[in-house]
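S.K.: Following this line is input.pdb, made up of PDB, C-alpha atoms:
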ATOM      1  CA  MET A 220       0.000   0.000   0.000
ATOM      2  CA  GLY A 221       1.485   3.356  -1.084
ATOM      3  CA  LYS A 222       2.403   5.812   1.671
ATOM      4  CA  ILE A 223       2.797   9.532   1.021
ATOM      5  CA  VAL A 224       5.261  11.798   2.812
ATOM      6  CA  ILE A 225       3.262  13.471   5.563
ATOM      7  CA  GLU A 226       4.391  16.790   6.960
ATOM      8  CA  LYS A 227       3.405  18.587  10.133
ATOM      9  CA  LYS A 228       1.293  21.017   8.068
ATOM     10  CA  ASP A 229      -0.794  18.078   6.800
ATOM     11  CA  ILE A 230      -1.346  16.795  10.352
ATOM     12  CA  ASP A 231      -2.287  20.274  11.635
ATOM     13  CA  ILE A 232      -4.860  20.576   8.865
ATOM     14  CA  LEU A 233      -6.138  17.042   9.424
ATOM     15  CA  ASP A 234      -6.604  17.775  13.131
ATOM     16  CA  ILE A 235      -8.903  20.682  12.321
ATOM     17  CA  LEU A 236     -10.894  18.770   9.701
ATOM     18  CA  ARG A 237     -11.262  15.866  12.120
ATOM     19  CA  ILE A 238     -12.675  18.107  14.860
ATOM     20  CA  ASN A 239     -14.841  20.183  12.515
ATOM     21  CA  ALA A 240     -14.928  19.214   8.856
ATOM     22  CA  ARG A 241     -16.933  22.351   8.028
ATOM     23  CA  SER A 242     -14.043  24.648   8.963
ATOM     24  CA  SER A 243     -13.444  27.164   6.187
ATOM     25  CA  LEU A 244     -10.048  27.512   4.524
ATOM     26  CA  SER A 245      -9.693  30.910   6.262
ATOM     27  CA  ASP A 246     -10.406  29.322   9.654
ATOM     28  CA  ILE A 247      -7.801  26.652   8.963
ATOM     29  CA  SER A 248      -5.267  29.246   7.814
ATOM     30  CA  ARG A 249      -5.854  31.351  10.953
ATOM     31  CA  GLU A 250      -5.588  28.417  13.365
ATOM     32  CA  THR A 251      -2.519  26.870  11.784
ATOM     33  CA  ASN A 252      -0.699  30.023  10.607
ATOM     34  CA  ILE A 253      -0.368  28.405   7.203
ATOM     35  CA  PRO A 254      -0.966  30.809   4.261
ATOM     36  CA  LEU A 255      -4.384  30.449   2.639
ATOM     37  CA  SER A 256      -3.023  29.334  -0.740
ATOM     38  CA  THR A 257      -0.981  26.601   0.941
ATOM     39  CA  VAL A 258      -4.033  25.505   2.953
ATOM     40  CA  PHE A 259      -5.994  25.222  -0.295
ATOM     41  CA  ASP A 260      -3.338  22.949  -1.825
ATOM     42  CA  ARG A 261      -2.793  20.915   1.337
ATOM     43  CA  VAL A 262      -6.496  20.289   1.895
ATOM     44  CA  ARG A 263      -6.761  18.912  -1.629
ATOM     45  CA  ARG A 264      -3.711  16.751  -0.953
ATOM     46  CA  VAL A 265      -5.052  15.288   2.297
ATOM     47  CA  GLU A 266      -8.455  14.761   0.694
ATOM     48  CA  SER A 267      -6.897  12.698  -2.072
ATOM     49  CA  ASN A 268      -4.584  10.727   0.159
ATOM     50  CA  LEU A 269      -5.620  10.610   3.796
ATOM     51  CA  ILE A 270      -9.365  11.190   4.020
ATOM     52  CA  LYS A 271     -11.792   8.442   3.086
ATOM     53  CA  LYS A 272     -14.943  10.464   3.615
ATOM     54  CA  TYR A 273     -16.315  13.636   5.138
ATOM     55  CA  THR A 274     -19.477  12.917   7.110
ATOM     56  CA  SER A 275     -21.633  14.235   9.931
ATOM     57  CA  PHE A 276     -22.518  12.086  12.920
ATOM     58  CA  ILE A 277     -26.218  12.447  13.679
ATOM     59  CA  ASP A 278     -28.120  11.242  16.744
ATOM     60  CA  PHE A 279     -30.204   8.630  14.934
ATOM     61  CA  GLY A 280     -32.446   8.267  17.986
ATOM     62  CA  ASN A 281     -34.357  11.195  16.463
ATOM     63  CA  ILE A 282     -35.449   9.077  13.534
ATOM     64  CA  GLY A 283     -36.359   5.990  15.517
ATOM     65  CA  VAL A 284     -33.029   4.159  15.565
ATOM     66  CA  ARG A 285     -32.835   2.806  19.098
ATOM     67  CA  ASN A 286     -29.412   1.197  18.891
ATOM     68  CA  LYS A 287     -27.018   0.182  16.161
ATOM     69  CA  ARG A 288     -26.860  -3.481  15.276
ATOM     70  CA  GLY A 289     -23.649  -5.299  14.425
ATOM     71  CA  LEU A 290     -23.164  -8.635  12.785
ATOM     72  CA  ILE A 291     -20.045 -10.630  12.150
ATOM     73  CA  ILE A 292     -20.679 -13.173   9.441
ATOM     74  CA  THR A 293     -18.723 -15.765   7.565
ATOM     75  CA  GLY A 294     -19.258 -17.728   4.391
ATOM     76  CA  GLU A 295     -20.514 -16.471   1.064
ATOM     77  CA  MET A 296     -20.865 -12.675   0.961
ATOM     78  CA  PRO A 297     -24.594 -11.910   0.772
ATOM     79  CA  GLU A 298     -26.074  -9.465  -1.713
ATOM     80  CA  LEU A 299     -27.318  -6.771   0.595
ATOM     81  CA  LYS A 300     -29.541  -3.947  -0.610
ATOM     82  CA  SER A 301     -31.030  -2.841   2.703
ATOM     83  CA  HIS A 302     -30.951   0.933   3.278
ATOM     84  CA  SER A 303     -30.367   0.349   6.961
ATOM     85  CA  ILE A 304     -26.766  -0.699   6.326
ATOM     86  CA  ASN A 305     -24.332   1.881   7.690
ATOM     87  CA  LYS A 306     -20.989   0.119   7.376
ATOM     88  CA  ILE A 307     -19.522  -3.007   5.849
ATOM     89  CA  MET A 308     -15.940  -4.060   6.571
ATOM     90  CA  ARG A 309     -14.018  -6.972   5.186
ATOM     91  CA  LEU A 310     -12.339  -8.813   8.066
ATOM     92  CA  ASP A 311      -9.678 -11.499   8.132
ATOM     93  CA  GLU A 312     -10.466 -15.189   7.489
ATOM     94  CA  GLY A 313     -13.253 -14.442   5.044
ATOM     95  CA  ARG A 314     -15.460 -12.689   7.600
ATOM     96  CA  LEU A 315     -17.524  -9.528   7.256
ATOM     97  CA  PHE A 316     -18.628  -6.937   9.792
ATOM     98  CA  ILE A 317     -21.951  -5.254   9.025
ATOM     99  CA  GLU A 318     -23.340  -2.322  10.984
ATOM    100  CA  LEU A 319     -27.042  -1.537  10.674
ATOM    101  CA  CYS A 320     -29.341   1.267  11.777
ATOM    102  CA  HIS A 321     -32.860  -0.139  11.981
ATOM    103  CA  ASN A 322     -35.507   2.541  12.445
ATOM    104  CA  SER A 323     -38.521   0.191  12.295
ATOM    105  CA  GLN A 324     -39.510  -3.442  12.663
ATOM    106  CA  ASN A 325     -39.963  -3.529   8.881
ATOM    107  CA  SER A 326     -36.330  -2.624   8.417
ATOM    108  CA  VAL A 327     -35.276  -5.511  10.712
ATOM    109  CA  LYS A 328     -37.590  -7.903   8.854
ATOM    110  CA  GLU A 329     -36.358  -6.776   5.427
ATOM    111  CA  PHE A 330     -32.716  -7.271   6.375
ATOM    112  CA  ASP A 331     -33.263 -10.613   8.134
ATOM    113  CA  GLU A 332     -35.036 -11.890   5.018
ATOM    114  CA  GLU A 333     -32.095 -10.850   2.832
ATOM    115  CA  MET A 334     -29.768 -12.719   5.197
ATOM    116  CA  LYS A 335     -31.941 -15.874   5.125
ATOM    117  CA  LYS A 336     -31.581 -15.999   1.321
ATOM    118  CA  SER A 337     -27.787 -15.935   1.599
ATOM    119  CA  LYS A 338     -25.524 -18.870   2.454
ATOM    120  CA  CYS A 339     -23.570 -17.151   5.203
ATOM    121  CA  SER A 340     -23.396 -17.958   8.933
ATOM    122  CA  ILE A 341     -23.787 -15.402  11.669
ATOM    123  CA  LEU A 342     -21.002 -15.566  14.259
ATOM    124  CA  HIS A 343     -22.162 -12.611  16.338
ATOM    125  CA  ASP A 344     -25.335 -10.507  16.313
ATOM    126  CA  PHE A 345     -25.576  -7.744  18.869
ATOM    127  CA  GLU A 346     -26.897  -4.263  19.544
ATOM    128  CA  TYR A 347     -24.707  -1.420  20.693
ATOM    129  CA  GLU A 348     -24.619   2.250  21.495
ATOM    130  CA  PRO A 349     -21.640   4.557  21.176
ATOM    131  CA  ILE A 350     -19.609   5.670  24.173
ATOM    132  CA  VAL A 351     -17.149   7.432  21.895
ATOM    133  CA  GLU A 352     -16.778   7.310  18.086
ATOM    134  CA  GLU A 353     -13.927   8.265  15.746
ATOM    135  CA  LYS A 354     -12.113   9.982  18.589
ATOM    136  CA  ILE A 355      -8.490   9.815  17.446
ATOM    137  CA  ILE A 356      -7.044  13.228  16.537
ATOM    138  CA  PRO A 357      -4.126  12.645  14.113
ATOM    139  CA  SER A 358      -1.487  14.678  15.995
ATOM    140  CA  THR A 359      -1.929  12.489  19.093
ATOM    141  CA  LEU A 360      -0.708   9.503  17.086
ATOM    142  CA  PHE A 361       2.684  11.137  16.708
ATOM    143  CA  ASN A 362       3.139  12.487  20.246
ATOM    144  CA  GLU A 363       5.266   9.621  21.507
TER
ATOM    145  CA  MET B 258     -38.752  14.999  18.248
ATOM    146  CA  GLY B 259     -38.452  13.754  14.658
ATOM    147  CA  PHE B 260     -37.159  15.465  11.566
ATOM    148  CA  ASN B 261     -39.436  16.799   8.860
ATOM    149  CA  GLN B 262     -38.652  15.986   5.248
ATOM    150  CA  LYS B 263     -36.589  19.175   4.674
ATOM    151  CA  GLU B 264     -34.458  18.508   7.718
ATOM    152  CA  LEU B 265     -33.923  14.874   6.732
ATOM    153  CA  LEU B 266     -32.802  15.974   3.301
ATOM    154  CA  ILE B 267     -30.318  18.479   4.729
ATOM    155  CA  MET B 268     -28.988  15.815   7.132
ATOM    156  CA  SER B 269     -28.532  13.363   4.272
ATOM    157  CA  HIS B 270     -26.427  15.880   2.338
ATOM    158  CA  LEU B 271     -24.233  16.387   5.411
ATOM    159  CA  ARG B 272     -23.977  12.625   5.891
ATOM    160  CA  GLU B 273     -22.926  12.247   2.257
ATOM    161  CA  ASN B 274     -20.345  15.023   2.528
ATOM    162  CA  SER B 275     -20.133  17.131   5.681
ATOM    163  CA  ARG B 276     -17.999  19.693   3.863
ATOM    164  CA  LYS B 277     -20.567  20.464   1.180
ATOM    165  CA  ASN B 278     -21.239  24.199   1.022
ATOM    166  CA  LEU B 279     -24.656  25.723   1.689
ATOM    167  CA  THR B 280     -25.076  26.974  -1.879
ATOM    168  CA  LYS B 281     -24.616  23.495  -3.281
ATOM    169  CA  ILE B 282     -27.024  21.948  -0.759
ATOM    170  CA  SER B 283     -29.540  24.686  -1.579
ATOM    171  CA  LYS B 284     -29.255  24.049  -5.334
ATOM    172  CA  GLU B 285     -29.738  20.311  -4.899
ATOM    173  CA  THR B 286     -32.581  20.496  -2.397
ATOM    174  CA  LYS B 287     -34.341  23.693  -3.558
ATOM    175  CA  ILE B 288     -34.279  24.821   0.093
ATOM    176  CA  ALA B 289     -33.195  28.427   0.729
ATOM    177  CA  VAL B 290     -29.609  28.914   1.905
ATOM    178  CA  SER B 291     -30.811  30.856   4.959
ATOM    179  CA  THR B 292     -33.103  27.962   5.976
ATOM    180  CA  ILE B 293     -30.280  25.446   5.612
ATOM    181  CA  PHE B 294     -27.952  27.691   7.603
ATOM    182  CA  ASP B 295     -30.538  28.051  10.402
ATOM    183  CA  LYS B 296     -31.296  24.326  10.518
ATOM    184  CA  ILE B 297     -27.636  23.350  10.730
ATOM    185  CA  LYS B 298     -26.948  25.949  13.424
ATOM    186  CA  LYS B 299     -30.017  24.791  15.349
ATOM    187  CA  TYR B 300     -28.956  21.174  15.422
ATOM    188  CA  GLU B 301     -25.175  21.457  15.768
ATOM    189  CA  GLY B 302     -23.869  20.370  19.142
ATOM    190  CA  GLY B 303     -27.063  18.381  19.734
ATOM    191  CA  ILE B 304     -28.641  16.124  17.148
ATOM    192  CA  ILE B 305     -25.699  16.829  14.846
ATOM    193  CA  LYS B 306     -22.957  15.439  17.077
ATOM    194  CA  LYS B 307     -20.054  16.453  14.895
ATOM    195  CA  HIS B 308     -18.868  17.129  11.356
ATOM    196  CA  THR B 309     -15.757  15.048  10.811
ATOM    197  CA  CYS B 310     -13.652  13.077   8.370
ATOM    198  CA  ILE B 311     -12.994   9.358   8.298
ATOM    199  CA  LEU B 312      -9.240   8.849   8.054
ATOM    200  CA  ASP B 313      -7.132   6.329   6.204
ATOM    201  CA  PHE B 314      -4.937   5.299   9.105
ATOM    202  CA  THR B 315      -2.804   2.992   6.993
ATOM    203  CA  LYS B 316      -1.599   6.022   5.020
ATOM    204  CA  LEU B 317      -0.620   7.588   8.361
ATOM    205  CA  GLY B 318       1.568   4.571   9.114
ATOM    206  CA  PHE B 319      -0.859   2.541  11.209
ATOM    207  CA  ASP B 320      -1.140  -0.720   9.320
ATOM    208  CA  VAL B 321      -3.080  -2.809  11.840
ATOM    209  CA  ARG B 322      -6.761  -2.122  12.353
ATOM    210  CA  VAL B 323      -8.676  -4.317  14.758
ATOM    211  CA  LYS B 324     -12.243  -4.758  15.957
ATOM    212  CA  MET B 325     -12.520  -6.374  19.381
ATOM    213  CA  ILE B 326     -15.434  -7.712  21.376
ATOM    214  CA  LEU B 327     -14.802  -7.886  25.110
ATOM    215  CA  LYS B 328     -16.466  -9.586  28.060
ATOM    216  CA  CYS B 329     -15.413  -8.013  31.343
ATOM    217  CA  PRO B 330     -15.832  -8.838  35.030
ATOM    218  CA  ARG B 331     -18.553  -6.650  36.482
ATOM    219  CA  PRO B 332     -16.418  -4.980  39.202
ATOM    220  CA  ASN B 333     -13.822  -3.876  36.579
ATOM    221  CA  ARG B 334     -16.212  -2.653  33.925
ATOM    222  CA  ASP B 335     -16.016   1.078  34.663
ATOM    223  CA  GLU B 336     -12.243   0.957  34.998
ATOM    224  CA  ILE B 337     -11.911  -0.889  31.687
ATOM    225  CA  GLN B 338     -14.221   1.588  29.980
ATOM    226  CA  GLU B 339     -12.074   4.449  31.251
ATOM    227  CA  PHE B 340      -8.921   2.690  30.018
ATOM    228  CA  LEU B 341     -10.432   2.140  26.565
ATOM    229  CA  VAL B 342     -11.838   5.657  26.179
ATOM    230  CA  ARG B 343      -8.515   7.232  27.160
ATOM    231  CA  HIS B 344      -6.211   4.910  25.208
ATOM    232  CA  PRO B 345      -4.573   6.714  22.258
ATOM    233  CA  ARG B 346      -4.871   3.692  19.957
ATOM    234  CA  VAL B 347      -8.577   3.180  20.512
ATOM    235  CA  ASN B 348     -10.686   5.010  17.934
ATOM    236  CA  SER B 349     -14.221   3.965  18.944
ATOM    237  CA  VAL B 350     -15.823   2.342  21.992
ATOM    238  CA  TYR B 351     -19.371   0.959  22.130
ATOM    239  CA  LYS B 352     -21.429  -0.654  24.878
ATOM    240  CA  ILE B 353     -22.889  -3.905  23.549
ATOM    241  CA  ASN B 354     -25.299  -6.635  24.618
ATOM    242  CA  ASN B 355     -25.644 -10.330  23.956
ATOM    243  CA  GLY B 356     -23.244 -11.580  26.586
ATOM    244  CA  TYR B 357     -20.470  -9.066  25.876
ATOM    245  CA  ASP B 358     -19.678  -5.633  27.266
ATOM    246  CA  PHE B 359     -17.655  -3.621  24.765
ATOM    247  CA  LEU B 360     -17.006  -3.408  21.054
ATOM    248  CA  ILE B 361     -13.935  -1.364  20.223
ATOM    249  CA  GLU B 362     -12.008  -0.377  17.142
ATOM    250  CA  GLY B 363      -8.292   0.192  17.533
ATOM    251  CA  ILE B 364      -5.491   1.168  15.208
ATOM    252  CA  PHE B 365      -1.871   0.128  15.681
ATOM    253  CA  ARG B 366       1.441   0.688  13.901
ATOM    254  CA  HIS B 367       2.249  -3.030  13.788
ATOM    255  CA  MET B 368       1.563  -6.294  15.602
ATOM    256  CA  LYS B 369       3.945  -5.444  18.460
ATOM    257  CA  ASP B 370       1.980  -2.241  19.080
ATOM    258  CA  LEU B 371      -1.198  -4.348  19.217
ATOM    259  CA  SER B 372       0.376  -6.871  21.636
ATOM    260  CA  GLU B 373       1.373  -4.094  24.010
ATOM    261  CA  PHE B 374      -2.249  -2.954  24.052
ATOM    262  CA  THR B 375      -3.693  -6.439  24.610
ATOM    263  CA  GLU B 376      -1.163  -7.108  27.386
ATOM    264  CA  LYS B 377      -2.385  -3.998  29.217
ATOM    265  CA  LEU B 378      -5.976  -5.085  28.613
ATOM    266  CA  ASP B 379      -5.262  -8.551  30.041
ATOM    267  CA  GLY B 380      -4.108  -6.819  33.216
ATOM    268  CA  TYR B 381      -7.773  -5.892  33.775
ATOM    269  CA  LYS B 382      -8.710  -9.595  33.814
ATOM    270  CA  VAL B 383     -10.918  -9.435  30.717
ATOM    271  CA  LYS B 384     -12.961 -12.662  30.694
ATOM    272  CA  ASP B 385     -13.199 -13.114  26.933
ATOM    273  CA  ARG B 386     -11.868 -11.342  23.877
ATOM    274  CA  HIS B 387     -12.455 -11.822  20.153
ATOM    275  CA  GLU B 388     -10.190  -9.981  17.721
ATOM    276  CA  TYR B 389     -10.916  -9.367  14.075
ATOM    277  CA  PHE B 390      -8.501  -7.656  11.707
ATOM    278  CA  VAL B 391     -10.115  -5.110   9.414
ATOM    279  CA  LEU B 392      -8.771  -5.498   5.876
ATOM    280  CA  GLU B 393     -10.955  -3.117   3.923
ATOM    281  CA  ASP B 394     -13.887  -0.737   4.199
ATOM    282  CA  LEU B 395     -16.598  -1.720   1.741
ATOM    283  CA  LYS B 396     -19.166   0.839   2.949
ATOM    284  CA  ILE B 397     -18.507   3.849   5.173
ATOM    285  CA  GLU B 398     -21.204   5.805   7.059
ATOM    286  CA  SER B 399     -23.840   4.954   4.513
ATOM    287  CA  PHE B 400     -27.073   5.214   6.488
ATOM    288  CA  LEU B 401     -29.068   8.341   5.701
ATOM    289  CA  SER B 402     -26.389   9.459   3.241
ATOM    290  CA  ASP B 403     -28.277   9.107  -0.039
ATOM    291  CA  PRO B 404     -30.237  12.331  -0.654
ATOM    292  CA  SER B 405     -31.963  10.927  -3.770
ATOM    293  CA  TYR B 406     -33.343   8.018  -1.723
ATOM    294  CA  ILE B 407     -34.504  10.350   1.056
ATOM    295  CA  GLU B 408     -36.232  12.526  -1.546
ATOM    296  CA  MET B 409     -38.057   9.515  -2.942
ATOM    297  CA  VAL B 410     -39.157   7.684   0.166
ATOM    298  CA  GLY B 411     -38.223   9.696   3.261
ATOM    299  CA  ILE B 412     -37.192   7.409   6.115
TER
END
Render the structure in this file as structure tokens.
M.R.:
Amino acid sequence: MGKIVIEKKDIDILDILRINARSSLSDISRETNIPLSTVFDRVRRVESNLIKKYTSFIDFGNIGVRNKRGLIITGEMPELKSHSINKIMRLDEGRLFIELCHNSQNSVKEFDEEMKKSKCSILHDFEYEPIVEEKIIPSTLFNE
Amino acid sequence: MGFNQKELLIMSHLRENSRKNLTKISKETKIAVSTIFDKIKKYEGGIIKKHTCILDFTKLGFDVRVKMILKCPRPNRDEIQEFLVRHPRVNSVYKINNGYDFLIEGIFRHMKDLSEFTEKLDGYKVKDRHEYFVLEDLKIESFLSDPSYIEMVGI
């Protein structure tokens, strides 16, 4: 996997985008003392190389999602079309982790029916709520 | 409190790309910029927990990414939670059911870095631990992130 040369400026910018992705280029320039034109270039650089996605974390309780649901499955990868899927990760030894946000009994039923049609086995099926999510600020990784 | 259709649509644009500017969201939703601005301001710090970016930790030099499910002795649970929440290699911590206590995601430079973490964890007398190495993200923060779907069917 290719690694790029990361400089302190990139980490400073990443820190700010991690804490508030809606920070303007001027905000970033002011907080980091990096000239605006450099910030513009560096943000594009980190977006291409270090950021997988910008997203907002919403309290899904407001739309009827009581808890998230996680499954660890093995076997043939099912074809999953359910709109309640939030994450899918490929794990080692042919396993998959699937995170779901069910906001109704229908959503649970729809997903469980999709799973029944597949040939996979469920190793774990649990509900969970976040204590803390995506907490790591990049600069803390290098303060050792 | 639930969202109305306009609010859901705005949320879905932020879920899709939290850095999208107000003008673009307005153009795509036909909602006035001022309304979008007000809605976002209203919900930030509450229902909108944060606007963030999902990082590629391997590109930052952290090649080992692990999901762990832990079963802990009841008297140590709070102490273990504190340890996990504070640990610099732990990215996310969740409280789970079904016979287990915590689901965590950690990132480590290499296997030795991971062993040092699990050794410290074993010091808390964790009853059971399952480790799974994350090889690839196939879908990232997908729920409520498709504005065209929200427009069609709501939620």
S.K.: For the file shown, what are the residues hit by the PyMOL selection byres ((chain A) within 7 of (chain B)), laid out as a VMD selection string?
M.R.: chain A and resid 222 to 223 236 to 241 269 to 278 281 to 282 302 to 311 320 345 to 355
S.K.: Based on the selection just made, write C-alpha atoms of those residues as a PDB file, in the coordinates of the input.
M.R.:
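Produced file result.pdb, reproduced below:
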ATOM      1  CA  LYS A 222       2.403   5.812   1.671  1.00  0.00           C
ATOM      2  CA  ILE A 223       2.797   9.532   1.021  1.00  0.00           C
ATOM      3  CA  LEU A 236     -10.894  18.770   9.701  1.00  0.00           C
ATOM      4  CA  ARG A 237     -11.262  15.866  12.120  1.00  0.00           C
ATOM      5  CA  ILE A 238     -12.675  18.107  14.860  1.00  0.00           C
ATOM      6  CA  ASN A 239     -14.841  20.183  12.515  1.00  0.00           C
ATOM      7  CA  ALA A 240     -14.928  19.214   8.856  1.00  0.00           C
ATOM      8  CA  ARG A 241     -16.933  22.351   8.028  1.00  0.00           C
ATOM      9  CA  LEU A 269      -5.620  10.610   3.796  1.00  0.00           C
ATOM     10  CA  ILE A 270      -9.365  11.190   4.020  1.00  0.00           C
ATOM     11  CA  LYS A 271     -11.792   8.442   3.086  1.00  0.00           C
ATOM     12  CA  LYS A 272     -14.943  10.464   3.615  1.00  0.00           C
ATOM     13  CA  TYR A 273     -16.315  13.636   5.138  1.00  0.00           C
ATOM     14  CA  THR A 274     -19.477  12.917   7.110  1.00  0.00           C
ATOM     15  CA  SER A 275     -21.633  14.235   9.931  1.00  0.00           C
ATOM     16  CA  PHE A 276     -22.518  12.086  12.920  1.00  0.00           C
ATOM     17  CA  ILE A 277     -26.218  12.447  13.679  1.00  0.00           C
ATOM     18  CA  ASP A 278     -28.120  11.242  16.744  1.00  0.00           C
ATOM     19  CA  ASN A 281     -34.357  11.195  16.463  1.00  0.00           C
ATOM     20  CA  ILE A 282     -35.449   9.077  13.534  1.00  0.00           C
ATOM     21  CA  HIS A 302     -30.951   0.933   3.278  1.00  0.00           C
ATOM     22  CA  SER A 303     -30.367   0.349   6.961  1.00  0.00           C
ATOM     23  CA  ILE A 304     -26.766  -0.699   6.326  1.00  0.00           C
ATOM     24  CA  ASN A 305     -24.332   1.881   7.690  1.00  0.00           C
ATOM     25  CA  LYS A 306     -20.989   0.119   7.376  1.00  0.00           C
ATOM     26  CA  ILE A 307     -19.522  -3.007   5.849  1.00  0.00           C
ATOM     27  CA  MET A 308     -15.940  -4.060   6.571  1.00  0.00           C
ATOM     28  CA  ARG A 309     -14.018  -6.972   5.186  1.00  0.00           C
ATOM     29  CA  LEU A 310     -12.339  -8.813   8.066  1.00  0.00           C
ATOM     30  CA  ASP A 311      -9.678 -11.499   8.132  1.00  0.00           C
ATOM     31  CA  CYS A 320     -29.341   1.267  11.777  1.00  0.00           C
ATOM     32  CA  PHE A 345     -25.576  -7.744  18.869  1.00  0.00           C
ATOM     33  CA  GLU A 346     -26.897  -4.263  19.544  1.00  0.00           C
ATOM     34  CA  TYR A 347     -24.707  -1.420  20.693  1.00  0.00           C
ATOM     35  CA  GLU A 348     -24.619   2.250  21.495  1.00  0.00           C
ATOM     36  CA  PRO A 349     -21.640   4.557  21.176  1.00  0.00           C
ATOM     37  CA  ILE A 350     -19.609   5.670  24.173  1.00  0.00           C
ATOM     38  CA  VAL A 351     -17.149   7.432  21.895  1.00  0.00           C
ATOM     39  CA  GLU A 352     -16.778   7.310  18.086  1.00  0.00           C
ATOM     40  CA  GLU A 353     -13.927   8.265  15.746  1.00  0.00           C
ATOM     41  CA  LYS A 354     -12.113   9.982  18.589  1.00  0.00           C
ATOM     42  CA  ILE A 355      -8.490   9.815  17.446  1.00  0.00           C
TER      43      ILE A 355
END
S.K.: Pick from A:Lys335, A:Asn252, A:Val258, A:Arg264: nearest to Glu298 in chain A, with only C-alpha atoms counted?
M.R.: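 Using only C-alpha atoms, the shortest distance to Glu298 in chain A belongs to A:Lys335.
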S.K.: Please, what distance in Å, to one decimal, runs between CA of Ile341 in chain A and CA of Val321 in chain B?
M.R.: 24.2 Å
S.K.: Translate the PyMOL selection byres ((chain A and resi 292) around 8), as applied to the file shown, into an explicit residue set as a list of chain:residue names.
M.R.: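 Residues picked by the PyMOL selection byres ((chain A and resi 292) around 8): A:Leu290, A:Ile291, A:Thr293, A:Gly294, A:Arg314, A:Leu315, A:Phe316, A:Cys339, A:Ser340, A:Ile341, A:Leu342, A:His343.
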S.K.: Which residues, written as a list in words, have at least one atom at most 10 Å from Lys296 in chain B, with only C-alpha atoms counted and residues fewer than 3 positions away on the same chain left out?
M.R.: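 Listing them by chain and then by number gives Lys263, Glu264, Ile267, Met268, Val290, Ser291, Thr292, Ile293, Lys299, Tyr300 and Glu301 of chain B.
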S.K.: Pick out the residues sitting within 12 Å of Gly380 in chain B, and hand them over as a list of chain:residue names; count only C-alpha atoms, and ignore anything fewer than 2 positions along from it in its own chain.
M.R.: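 Contacts, with the query itself left out: B:Cys329, B:Asn333, B:Glu336, B:Ile337, B:Phe340, B:Glu373, B:Phe374, B:Thr375, B:Glu376, B:Lys377, B:Leu378, B:Lys382, B:Val383, B:Lys384.
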S.K.: Please compute the CA of His387 in chain B-CA of Asp344 in chain A distance, one decimal, in Å.
M.R.: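 If I compute the distance from CA of His387 in chain B to CA of Asp344 in chain A, I get 13.5 Å.
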S.K.: CA of Asp379 in chain B and CA of Met325 in chain B are how many Å apart?
M.R.: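 CA of Met325 in chain B lies at a distance of 13.1 Å from CA of Asp379 in chain B.
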S.K.: If you count only C-alpha atoms, which residues fall within 8 Å of Val284 in chain A, apart from same-chain ones fewer than 2 positions away, as a PyMOL selection string?
M.R.: chain A and resi 279-282+286-287+320-323
S.K.: Would you pick out the contacts of Lys336 in chain A at 12 Å or less, using only C-alpha atoms, so that residues sharing its chain but fewer than 5 positions from it are not included, and give the list as number ranges by chain?
M.R.: A: 295-299, 329-331
S.K.: Tell me which residues the PyMOL selection byres ((chain A and resi 245-251) around 12) grabs here, as a PDB file with C-alpha atoms, in the frame of the given file.
M.R.:
ATOM      1  CA  LYS A 227       3.405  18.587  10.133  1.00  0.00           C
ATOM      2  CA  LYS A 228       1.293  21.017   8.068  1.00  0.00           C
ATOM      3  CA  ASP A 229      -0.794  18.078   6.800  1.00  0.00           C
ATOM      4  CA  ILE A 230      -1.346  16.795  10.352  1.00  0.00           C
ATOM      5  CA  ASP A 231      -2.287  20.274  11.635  1.00  0.00           C
ATOM      6  CA  ILE A 232      -4.860  20.576   8.865  1.00  0.00           C
ATOM      7  CA  LEU A 233      -6.138  17.042   9.424  1.00  0.00           C
ATOM      8  CA  ASP A 234      -6.604  17.775  13.131  1.00  0.00           C
ATOM      9  CA  ILE A 235      -8.903  20.682  12.321  1.00  0.00           C
ATOM     10  CA  LEU A 236     -10.894  18.770   9.701  1.00  0.00           C
ATOM     11  CA  ARG A 237     -11.262  15.866  12.120  1.00  0.00           C
ATOM     12  CA  ILE A 238     -12.675  18.107  14.860  1.00  0.00           C
ATOM     13  CA  ASN A 239     -14.841  20.183  12.515  1.00  0.00           C
ATOM     14  CA  ALA A 240     -14.928  19.214   8.856  1.00  0.00           C
ATOM     15  CA  ARG A 241     -16.933  22.351   8.028  1.00  0.00           C
ATOM     16  CA  SER A 242     -14.043  24.648   8.963  1.00  0.00           C
ATOM     17  CA  SER A 243     -13.444  27.164   6.187  1.00  0.00           C
ATOM     18  CA  LEU A 244     -10.048  27.512   4.524  1.00  0.00           C
ATOM     19  CA  ASN A 252      -0.699  30.023  10.607  1.00  0.00           C
ATOM     20  CA  ILE A 253      -0.368  28.405   7.203  1.00  0.00           C
ATOM     21  CA  PRO A 254      -0.966  30.809   4.261  1.00  0.00           C
ATOM     22  CA  LEU A 255      -4.384  30.449   2.639  1.00  0.00           C
ATOM     23  CA  SER A 256      -3.023  29.334  -0.740  1.00  0.00           C
ATOM     24  CA  THR A 257      -0.981  26.601   0.941  1.00  0.00           C
ATOM     25  CA  VAL A 258      -4.033  25.505   2.953  1.00  0.00           C
ATOM     26  CA  PHE A 259      -5.994  25.222  -0.295  1.00  0.00           C
ATOM     27  CA  ASP A 260      -3.338  22.949  -1.825  1.00  0.00           C
ATOM     28  CA  ARG A 261      -2.793  20.915   1.337  1.00  0.00           C
ATOM     29  CA  VAL A 262      -6.496  20.289   1.895  1.00  0.00           C
TER      30      VAL A 262
END
